[in-house]
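What follows is a set of notes on a single structure, which appears directly below.
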Amino acid sequence: MTTAHLCVLFAGLMPFIFGGIAKSSTQGYDNRAPREFLAALQGWGQRANWAQLNSLEAFPLFAVAVIIAQLRDMDQSLLNNLAMGFIVARIAYGAFYILDKPSLRSLSWTAGIGCCLALFLI
């Protein structure tokens, strides 16, 4: 398994991490109605939930980009570095979202998308 493959695995788990952070933001998590509970969150818990949702949205593009880059025989070192760059950007994205730093969040989102584009285009 390559580093890029491990990055795909981690990216696939990232929504669960941000979801867990959101659920831990307040007392009284209701497992019978988790979507209603998450929709009612405020503050940093709500932003963690939004980071969870965006992580779900970003995952397919990244996973497909890694697969296509491998099918095109991209240099493995470059592929691994771009995949790790995506992961770093997405961790930063989630942290900046939770900490309510919208400009930094947008910058890290752009960096993550840039890694995906590079995987397709280089």
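In the structure tokens, chains take the letters A, B, ... in the order shown, each chain's residues start at 1, and ligands count up from 1 in the order shown.
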Original post:
Within 12 Å of Ile98 of chain A, counting only C-alpha atoms, which residues qualify if same-chain residues fewer than 3 places away don't, as an MDAnalysis selection string?
Top reply: chainID A and resid 18:19 21:22 25 42:52 91:95 101:102 104:105
Generate the output file for the selected residues, N, CA and C atoms, as an mmCIF file, in the first residue's frame.
data_model
loop_
_atom_site.group_PDB
_atom_site.id
_atom_site.type_symbol
_atom_site.label_atom_id
_atom_site.label_comp_id
_atom_site.auth_asym_id
_atom_site.auth_seq_id
_atom_site.Cartn_x
_atom_site.Cartn_y
_atom_site.Cartn_z
ATOM 1 N N PHE A 18 -14.391 14.570 12.198
ATOM 2 C CA PHE A 18 -15.064 15.855 12.413
ATOM 3 C C PHE A 18 -16.466 15.657 12.996
ATOM 4 N N GLY A 19 -17.134 14.576 12.600
ATOM 5 C CA GLY A 19 -18.438 14.275 13.181
ATOM 6 C C GLY A 19 -18.335 13.983 14.671
ATOM 7 N N ILE A 21 -16.031 15.130 16.658
ATOM 8 C CA ILE A 21 -15.753 16.415 17.316
ATOM 9 C C ILE A 21 -17.051 17.192 17.503
ATOM 10 N N ALA A 22 -17.885 17.206 16.451
ATOM 11 C CA ALA A 22 -19.169 17.913 16.542
ATOM 12 C C ALA A 22 -20.038 17.327 17.646
ATOM 13 N N SER A 25 -19.234 18.311 21.236
ATOM 14 C CA SER A 25 -19.239 19.736 21.560
ATOM 15 C C SER A 25 -20.255 20.115 22.627
ATOM 16 N N GLN A 42 -24.728 24.706 17.766
ATOM 17 C CA GLN A 42 -24.331 26.106 17.597
ATOM 18 C C GLN A 42 -22.825 26.214 17.764
ATOM 19 N N GLY A 43 -22.263 27.334 17.359
ATOM 20 C CA GLY A 43 -20.860 27.632 17.620
ATOM 21 C C GLY A 43 -19.911 26.653 16.969
ATOM 22 N N TRP A 44 -18.843 26.294 17.711
ATOM 23 C CA TRP A 44 -17.804 25.459 17.118
ATOM 24 C C TRP A 44 -18.289 24.052 16.810
ATOM 25 N N GLY A 45 -19.269 23.564 17.549
ATOM 26 C CA GLY A 45 -19.835 22.250 17.250
ATOM 27 C C GLY A 45 -20.534 22.241 15.897
ATOM 28 N N GLN A 46 -21.260 23.306 15.621
ATOM 29 C CA GLN A 46 -21.913 23.438 14.319
ATOM 30 C C GLN A 46 -20.883 23.522 13.200
ATOM 31 N N ARG A 47 -19.824 24.273 13.441
ATOM 32 C CA ARG A 47 -18.773 24.388 12.421
ATOM 33 C C ARG A 47 -18.055 23.055 12.216
ATOM 34 N N ALA A 48 -17.883 22.260 13.274
ATOM 35 C CA ALA A 48 -17.297 20.923 13.127
ATOM 36 C C ALA A 48 -18.209 20.041 12.275
ATOM 37 N N ASN A 49 -19.508 20.162 12.467
ATOM 38 C CA ASN A 49 -20.442 19.410 11.638
ATOM 39 C C ASN A 49 -20.341 19.851 10.178
ATOM 40 N N TRP A 50 -20.213 21.138 9.955
ATOM 41 C CA TRP A 50 -20.064 21.619 8.578
ATOM 42 C C TRP A 50 -18.758 21.121 7.964
ATOM 43 N N ALA A 51 -17.698 21.040 8.759
ATOM 44 C CA ALA A 51 -16.431 20.478 8.270
ATOM 45 C C ALA A 51 -16.625 19.006 7.910
ATOM 46 N N GLN A 52 -17.422 18.290 8.718
ATOM 47 C CA GLN A 52 -17.740 16.895 8.408
ATOM 48 C C GLN A 52 -18.425 16.793 7.048
ATOM 49 N N ILE A 91 -6.911 18.890 6.862
ATOM 50 C CA ILE A 91 -6.841 19.001 8.320
ATOM 51 C C ILE A 91 -6.866 20.474 8.713
ATOM 52 N N ALA A 92 -6.078 21.276 7.995
ATOM 53 C CA ALA A 92 -6.076 22.716 8.260
ATOM 54 C C ALA A 92 -7.461 23.305 8.019
ATOM 55 N N TYR A 93 -8.102 22.869 6.938
ATOM 56 C CA TYR A 93 -9.457 23.345 6.609
ATOM 57 C C TYR A 93 -10.399 23.104 7.786
ATOM 58 N N GLY A 94 -10.400 21.877 8.296
ATOM 59 C CA GLY A 94 -11.282 21.556 9.418
ATOM 60 C C GLY A 94 -10.952 22.354 10.663
ATOM 61 N N ALA A 95 -9.680 22.496 10.952
ATOM 62 C CA ALA A 95 -9.270 23.268 12.129
ATOM 63 C C ALA A 95 -9.682 24.727 11.984
ATOM 64 N N LYS A 101 -12.109 30.742 11.371
ATOM 65 C CA LYS A 101 -11.134 31.538 10.623
ATOM 66 C C LYS A 101 -11.455 31.387 9.126
ATOM 67 N N PRO A 102 -12.483 32.106 8.632
ATOM 68 C CA PRO A 102 -12.971 31.852 7.276
ATOM 69 C C PRO A 102 -11.961 32.111 6.166
ATOM 70 N N LEU A 104 -8.616 31.834 6.278
ATOM 71 C CA LEU A 104 -7.658 30.732 6.294
ATOM 72 C C LEU A 104 -8.313 29.425 5.846
ATOM 73 N N ARG A 105 -9.574 29.257 6.218
ATOM 74 C CA ARG A 105 -10.318 28.077 5.779
ATOM 75 C C ARG A 105 -10.411 28.050 4.253
#
What lies within 10 Å of segment 75-78 of chain A using only C-alpha atoms, ignoring chain neighbours under 3 positions off, as a CSV table (one decimal) with C-alpha atoms, in the first residue's frame?
chain,number,residue,atom,x,y,z
A,2,THR,CA,1.4,3.4,-1.0
A,3,THR,CA,1.4,6.6,1.0
A,4,ALA,CA,-1.2,7.9,-1.4
A,69,ALA,CA,-2.9,9.6,-11.3
A,70,GLN,CA,-1.9,6.0,-10.6
A,72,ARG,CA,-1.5,7.4,-15.7
A,81,ASN,CA,3.4,14.3,-2.0
A,82,LEU,CA,0.3,15.7,-3.6
A,83,ALA,CA,-1.9,13.2,-1.6
A,84,MET,CA,-0.2,14.3,1.6
A,118,ALA,CA,-2.5,18.6,-9.9
A,119,LEU,CA,-3.2,14.9,-9.6
A,122,ILE,CA,0.4,16.7,-14.1
Subject >> Residue nearest Phe16 of chain A among A:Asp100, A:Ile87, A:Thr110, A:Ser55 (counting only C-alpha atoms) >> reply: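 With only C-alpha atoms as the atom set, the closest residue is A:Ser55.
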**OP:** Would you list the contacts of Gly85 of chain A as a PyMOL selection string, taking every protein, DNA or RNA residue within 10 Å and counting only C-alpha atoms, but skipping same-chain residues closer than 6 positions in sequence?
**Re:** chain A and resi 7+79+91+111-112+114-116
Requested write-out: N, CA, C and O atoms of the selected residues, as a PDB file, in the first residue's frame:
ATOM      1  N   CYS A   7      -3.418   7.919   2.366  1.00  0.00           N
ATOM      2  CA  CYS A   7      -4.058   9.237   2.397  1.00  0.00           C
ATOM      3  C   CYS A   7      -5.529   9.146   1.993  1.00  0.00           C
ATOM      4  O   CYS A   7      -6.385   9.829   2.566  1.00  0.00           O
ATOM      5  N   LEU A  79       3.047  11.784  -6.604  1.00  0.00           N
ATOM      6  CA  LEU A  79       1.688  11.381  -6.231  1.00  0.00           C
ATOM      7  C   LEU A  79       1.528  11.357  -4.718  1.00  0.00           C
ATOM      8  O   LEU A  79       0.567  11.915  -4.173  1.00  0.00           O
ATOM      9  N   ILE A  91      -6.911  18.890   6.862  1.00  0.00           N
ATOM     10  CA  ILE A  91      -6.841  19.001   8.320  1.00  0.00           C
ATOM     11  C   ILE A  91      -6.866  20.474   8.713  1.00  0.00           C
ATOM     12  O   ILE A  91      -7.586  20.870   9.630  1.00  0.00           O
ATOM     13  N   ALA A 111      -6.055  25.131  -1.459  1.00  0.00           N
ATOM     14  CA  ALA A 111      -4.854  24.291  -1.536  1.00  0.00           C
ATOM     15  C   ALA A 111      -5.221  22.827  -1.756  1.00  0.00           C
ATOM     16  O   ALA A 111      -4.589  22.130  -2.560  1.00  0.00           O
ATOM     17  N   GLY A 112      -6.242  22.348  -1.068  1.00  0.00           N
ATOM     18  CA  GLY A 112      -6.680  20.968  -1.236  1.00  0.00           C
ATOM     19  C   GLY A 112      -7.197  20.694  -2.639  1.00  0.00           C
ATOM     20  O   GLY A 112      -6.850  19.684  -3.257  1.00  0.00           O
ATOM     21  N   GLY A 114      -6.387  22.396  -5.228  1.00  0.00           N
ATOM     22  CA  GLY A 114      -5.211  22.497  -6.099  1.00  0.00           C
ATOM     23  C   GLY A 114      -4.450  21.182  -6.166  1.00  0.00           C
ATOM     24  O   GLY A 114      -3.986  20.788  -7.241  1.00  0.00           O
ATOM     25  N   CYS A 115      -4.340  20.492  -5.040  1.00  0.00           N
ATOM     26  CA  CYS A 115      -3.681  19.169  -5.041  1.00  0.00           C
ATOM     27  C   CYS A 115      -4.451  18.190  -5.919  1.00  0.00           C
ATOM     28  O   CYS A 115      -3.849  17.421  -6.679  1.00  0.00           O
ATOM     29  N   CYS A 116      -5.764  18.218  -5.826  1.00  0.00           N
ATOM     30  CA  CYS A 116      -6.583  17.328  -6.660  1.00  0.00           C
ATOM     31  C   CYS A 116      -6.408  17.656  -8.140  1.00  0.00           C
ATOM     32  O   CYS A 116      -6.242  16.743  -8.971  1.00  0.00           O
TER      33      CYS A 116
END
**OP:** Mind the document's chain letters and residue numbers, and return as number ranges by chain the residues of chain A that DSSP labels alpha helix (DSSP H).
**Re:** A: 3-23, 34-39, 43-71, 76-98, 102-121
Original post:
Given the choices A:Leu56, A:Leu13, A:Leu41, A:Leu6, which gets closest to Asn80 of chain A if the distance is worked out from only C-alpha atoms?
Top reply: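 Ranking A:Leu56, A:Leu13, A:Leu41, A:Leu6 by distance to Asn80 of chain A, first place goes to A:Leu6.
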Residues within 9 Å of Ile113 of chain A, please, as a short mmCIF file (atom, residue, chain, number, x, y, z; two decimals) with N, CA, C and O atoms, in the first residue's frame. Count only C-alpha atoms; anything in the same chain fewer than 3 positions from it doesn't count.
data_model
loop_
_atom_site.label_atom_id
_atom_site.label_comp_id
_atom_site.auth_asym_id
_atom_site.auth_seq_id
_atom_site.Cartn_x
_atom_site.Cartn_y
_atom_site.Cartn_z
N ALA A 58 -15.65 16.53 -0.41
CA ALA A 58 -14.32 16.60 -1.02
C ALA A 58 -13.74 15.22 -1.31
O ALA A 58 -12.90 15.07 -2.20
N LEU A 61 -13.70 13.46 -5.19
CA LEU A 61 -12.76 14.06 -6.13
C LEU A 61 -11.33 13.63 -5.82
O LEU A 61 -10.56 13.26 -6.71
N PHE A 62 -10.96 13.64 -4.54
CA PHE A 62 -9.61 13.25 -4.15
C PHE A 62 -9.35 11.78 -4.46
O PHE A 62 -8.32 11.44 -5.04
N PHE A 86 -2.86 17.25 0.14
CA PHE A 86 -4.31 17.30 0.27
C PHE A 86 -4.73 17.05 1.71
O PHE A 86 -5.56 17.79 2.26
N ALA A 89 -3.88 19.99 3.90
CA ALA A 89 -4.81 21.10 3.60
C ALA A 89 -6.18 20.84 4.21
O ALA A 89 -6.81 21.76 4.75
N SER A 108 -7.04 27.13 2.72
CA SER A 108 -6.72 25.71 2.83
C SER A 108 -7.63 24.88 1.91
O SER A 108 -7.18 23.88 1.34
N TRP A 109 -8.87 25.29 1.73
CA TRP A 109 -9.76 24.60 0.78
C TRP A 109 -9.17 24.69 -0.63
O TRP A 109 -9.11 23.68 -1.35
N THR A 110 -8.70 25.88 -0.99
CA THR A 110 -8.11 26.09 -2.32
C THR A 110 -6.86 25.23 -2.49
O THR A 110 -6.65 24.64 -3.56
N CYS A 116 -5.76 18.22 -5.83
CA CYS A 116 -6.58 17.33 -6.66
C CYS A 116 -6.41 17.66 -8.14
O CYS A 116 -6.24 16.74 -8.97
N LEU A 117 -6.44 18.92 -8.47
CA LEU A 117 -6.24 19.31 -9.89
C LEU A 117 -4.88 18.88 -10.39
O LEU A 117 -4.74 18.41 -11.52
N ALA A 118 -3.87 19.05 -9.55
CA ALA A 118 -2.52 18.64 -9.95
C ALA A 118 -2.46 17.13 -10.20
O ALA A 118 -1.79 16.67 -11.13
#
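Minimum atom-to-atom distance to Phe120 of chain A, evaluated using only C-alpha atoms, belongs to A:Val66 out of A:Val66, A:His5, A:Ala39, A:Gln27.
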Original post:
If you measure from atom CA of Val64 of chain A to atom CA of Val8 of chain A, what distance in Å do you get, rounded to one decimal?
Top reply: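 We find that atom CA of Val64 of chain A and atom CA of Val8 of chain A lie 9.5 Å from each other.
Here the question is which of A:Leu9, A:Met74, A:Ala40, A:Met1 gets nearest to Lys23 of chain A using only C-alpha atoms, and that residue is A:Ala40.
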